[in-house]
Amino acid sequence: MVTEPVFELEGFGVLKLISDKNGSEWFGNVQNISKNKTVELSIEVESNSLPSPNQIAFAKRFAQHIEVTEQIIYDYIYKSFNETEWQMTKESLKRMYYLSALMLKRHSEDVWITLEPHADVPTIFNHFLRFTLRNNEIVWSNLA
């Protein structure tokens with residue numbers, strides 16, 4: 001029986017190493033990033049290495065300031081739909097979509113964030129909303 005390598009990320013839990021032709025990442029479902037849901041956390045690494053001290057520190061800072069980041073994202077979504085047939089309040093958007101995944105990229109402070117539609121709440125579009133943030137600014141989205 002082959003056991004998968006694991007890494008205990010203090011304050012987050014156990015992450016497992018996943019490798020494929022595209023590279024390696026540490027992956028796990030964590031409770032402490034979003035208050036409401038479990039979030040899939042991925043940390044890209046070079047060839048099966050542990051996350052760097054910078055990546056670990058970044059993940060911890062990110063989790064501490066998640067409310068600010070979520071506000072930036074929901075403001076962006078609101079502005080994207082404002083004055084369209086799909087215009088909604090920010091509160092409605094927050095009920096529709098929740099933070100489901102976070103990926104820290106290998107060579108930068110880019111963060112890929114995914115919001116997922118709630119299964120039990122009618123949504124504008126029944127697809128995942130994806131964002132790339134750099135320095136807490138949205139530099140790409142599948143809404144644009």
# chains A, B, ... in the order shown; residues from 1 in each chain; ligands from 1

call {"tool": "select_by_dssp", "arguments": {"residues": "chain A", "states": "strand (DSSP E or B)", "output": "VMD selection string"}}
result
chain A and resid 6 to 9 13 to 20 23 to 30 39 to 45 97 to 104 110 to 117 129 to 134 137 to 141

call {"tool": "residues_around", "arguments": {"residues": "A:Ala59", "least_positions_apart": "4", "cutoff": "9 Å", "atoms": "only C-alpha atoms", "output": "CSV table (one decimal) with C-alpha atoms, in the first residue's frame"}}
result
chain,number,residue,atom,x,y,z
A,43,ILE,CA,-0.7,25.4,-2.8
A,54,ASN,CA,6.5,32.7,2.0
A,55,GLN,CA,3.5,30.7,0.8
A,63,ALA,CA,-7.1,33.9,5.9
A,64,GLN,CA,-6.9,36.7,8.5
A,104,LEU,CA,-1.9,29.9,-4.2

call {"tool": "closest_atom_pairs", "arguments": {"of": "stretch 33-122 of chain A", "to": "stretch 16-27 of chain A", "cutoff": "7 Å", "atoms": "only C-alpha atoms", "output": "CSV"}}
result
residue,atom,partner,partner_atom,distance
A:Leu41,CA,A:Phe27,CA,5.6
A:Ser42,CA,A:Phe27,CA,4.5
A:Ile43,CA,A:Trp26,CA,5.1
A:Glu44,CA,A:Glu25,CA,4.2
A:Val45,CA,A:Glu25,CA,5.5
A:Glu46,CA,A:Ser24,CA,6.5
A:Ser47,CA,A:Ser24,CA,5.9
A:Asn48,CA,A:Ser24,CA,5.7

call {"tool": "atom_distance", "arguments": {"atom1": "atom CA of A:Trp86", "atom2": "atom CA of A:Arg134"}}
result
27.3 Å

call {"tool": "residues_around", "arguments": {"residues": "A:Phe12", "least_positions_apart": "6", "cutoff": "8 Å", "atoms": "only C-alpha atoms", "output": "list in words"}}
result
Val30, Gln31 and Asn32 of chain A

call {"tool": "residues_around", "arguments": {"residues": "A:His118", "least_positions_apart": "5", "cutoff": "10 Å", "atoms": "only C-alpha atoms", "output": "compact mmCIF listing (two decimals) with N, CA and C atoms, in the first residue's frame"}}
result
# COMPACT_ATOMS: atom_id res chain seq x y z
N LYS A 94 -24.23 37.47 -2.31
CA LYS A 94 -23.56 36.71 -1.24
C LYS A 94 -24.34 35.44 -0.89
N ARG A 95 -25.66 35.50 -1.00
CA ARG A 95 -26.46 34.29 -0.76
C ARG A 95 -26.33 33.30 -1.92
N MET A 96 -26.12 33.83 -3.13
CA MET A 96 -26.03 32.97 -4.32
C MET A 96 -24.71 32.23 -4.44
N TYR A 97 -23.62 32.90 -4.12
CA TYR A 97 -22.28 32.35 -4.38
C TYR A 97 -21.45 32.37 -3.11
N TYR A 98 -20.69 31.30 -2.90
CA TYR A 98 -19.81 31.23 -1.73
C TYR A 98 -18.40 30.82 -2.16
N THR A 123 -29.72 31.20 -8.59
CA THR A 123 -28.57 32.02 -8.95
C THR A 123 -28.79 32.67 -10.31
N ASN A 126 -25.73 29.40 -13.36
CA ASN A 126 -25.40 28.19 -12.63
C ASN A 126 -24.00 27.71 -13.03

call {"tool": "closest_residue", "arguments": {"among": "A:Glu137, A:Tyr78, A:His107, A:Ala101", "to": "A:Thr38", "atoms": "only C-alpha atoms"}}
result
A:Ala101

call {"tool": "select_by_dssp", "arguments": {"residues": "stretch 2-141 of chain A", "states": "helix (DSSP H, G or I)", "output": "CSV table (one decimal) with C-alpha atoms, in the first residue's frame"}}
result
chain,number,residue,atom,x,y,z
A,53,PRO,CA,7.8,29.9,4.2
A,54,ASN,CA,6.5,32.7,2.0
A,55,GLN,CA,3.5,30.7,0.8
A,56,ILE,CA,2.7,29.6,4.3
A,57,ALA,CA,2.9,33.2,5.6
A,58,PHE,CA,0.8,34.4,2.7
A,59,ALA,CA,-1.9,31.7,3.3
A,60,LYS,CA,-2.1,32.8,7.0
A,61,ARG,CA,-2.3,36.5,6.1
A,62,PHE,CA,-4.9,35.8,3.4
A,63,ALA,CA,-7.1,33.9,5.9
A,64,GLN,CA,-6.9,36.7,8.5
A,66,ILE,CA,-10.6,37.1,4.0
A,67,GLU,CA,-13.5,39.5,4.8
A,68,VAL,CA,-11.7,42.3,2.9
A,69,THR,CA,-11.0,40.0,0.0
A,70,GLU,CA,-14.6,38.7,-0.1
A,71,GLN,CA,-15.9,42.3,-0.1
A,72,ILE,CA,-13.6,43.2,-3.1
A,73,ILE,CA,-15.0,40.1,-5.0
A,74,TYR,CA,-18.6,40.8,-4.2
A,75,ASP,CA,-18.2,44.4,-5.2
A,76,TYR,CA,-16.7,43.3,-8.5
A,77,ILE,CA,-19.6,40.9,-9.1
A,78,TYR,CA,-22.1,43.5,-8.3
A,79,LYS,CA,-20.5,46.0,-10.7
A,80,SER,CA,-20.3,43.4,-13.4
A,81,PHE,CA,-24.1,42.9,-13.3
A,90,LYS,CA,-24.7,42.5,-2.9
A,91,GLU,CA,-26.6,40.7,-0.2
A,92,SER,CA,-28.4,38.6,-2.9
A,93,LEU,CA,-25.1,37.8,-4.6
A,94,LYS,CA,-23.6,36.7,-1.2
A,95,ARG,CA,-26.5,34.3,-0.8
A,96,MET,CA,-26.0,33.0,-4.3

call {"tool": "atom_distance", "arguments": {"atom1": "atom CA of A:Arg130", "atom2": "atom CA of A:Asn142"}}
result
5.6 Å

call {"tool": "residues_around", "arguments": {"residues": "A:Glu116", "least_positions_apart": "6", "cutoff": "8 Å", "atoms": "only C-alpha atoms", "output": "ChimeraX atom specification"}}
result
/A:97-100,127-129

call {"tool": "write_last_selection", "arguments": {"atoms": "N, CA and C atoms", "output": "short mmCIF file (atom, residue, chain, number, x, y, z; two decimals), in the first residue's frame"}}
result
data_model
loop_
_atom_site.label_atom_id
_atom_site.label_comp_id
_atom_site.auth_asym_id
_atom_site.auth_seq_id
_atom_site.Cartn_x
_atom_site.Cartn_y
_atom_site.Cartn_z
N TYR A 97 -23.62 32.90 -4.12
CA TYR A 97 -22.28 32.35 -4.38
C TYR A 97 -21.45 32.37 -3.11
N TYR A 98 -20.69 31.30 -2.90
CA TYR A 98 -19.81 31.23 -1.73
C TYR A 98 -18.40 30.82 -2.16
N LEU A 99 -17.43 31.22 -1.35
CA LEU A 99 -16.03 30.88 -1.61
C LEU A 99 -15.86 29.38 -1.48
N SER A 100 -15.45 28.71 -2.56
CA SER A 100 -15.30 27.27 -2.50
C SER A 100 -13.86 26.80 -2.68
N HIS A 127 -23.01 28.59 -12.84
CA HIS A 127 -21.63 28.20 -13.08
C HIS A 127 -20.74 28.83 -12.03
N PHE A 128 -19.51 28.33 -11.96
CA PHE A 128 -18.56 28.82 -10.98
C PHE A 128 -18.02 30.18 -11.44
N LEU A 129 -17.81 31.08 -10.49
CA LEU A 129 -17.21 32.37 -10.77
C LEU A 129 -15.74 32.27 -10.38
#
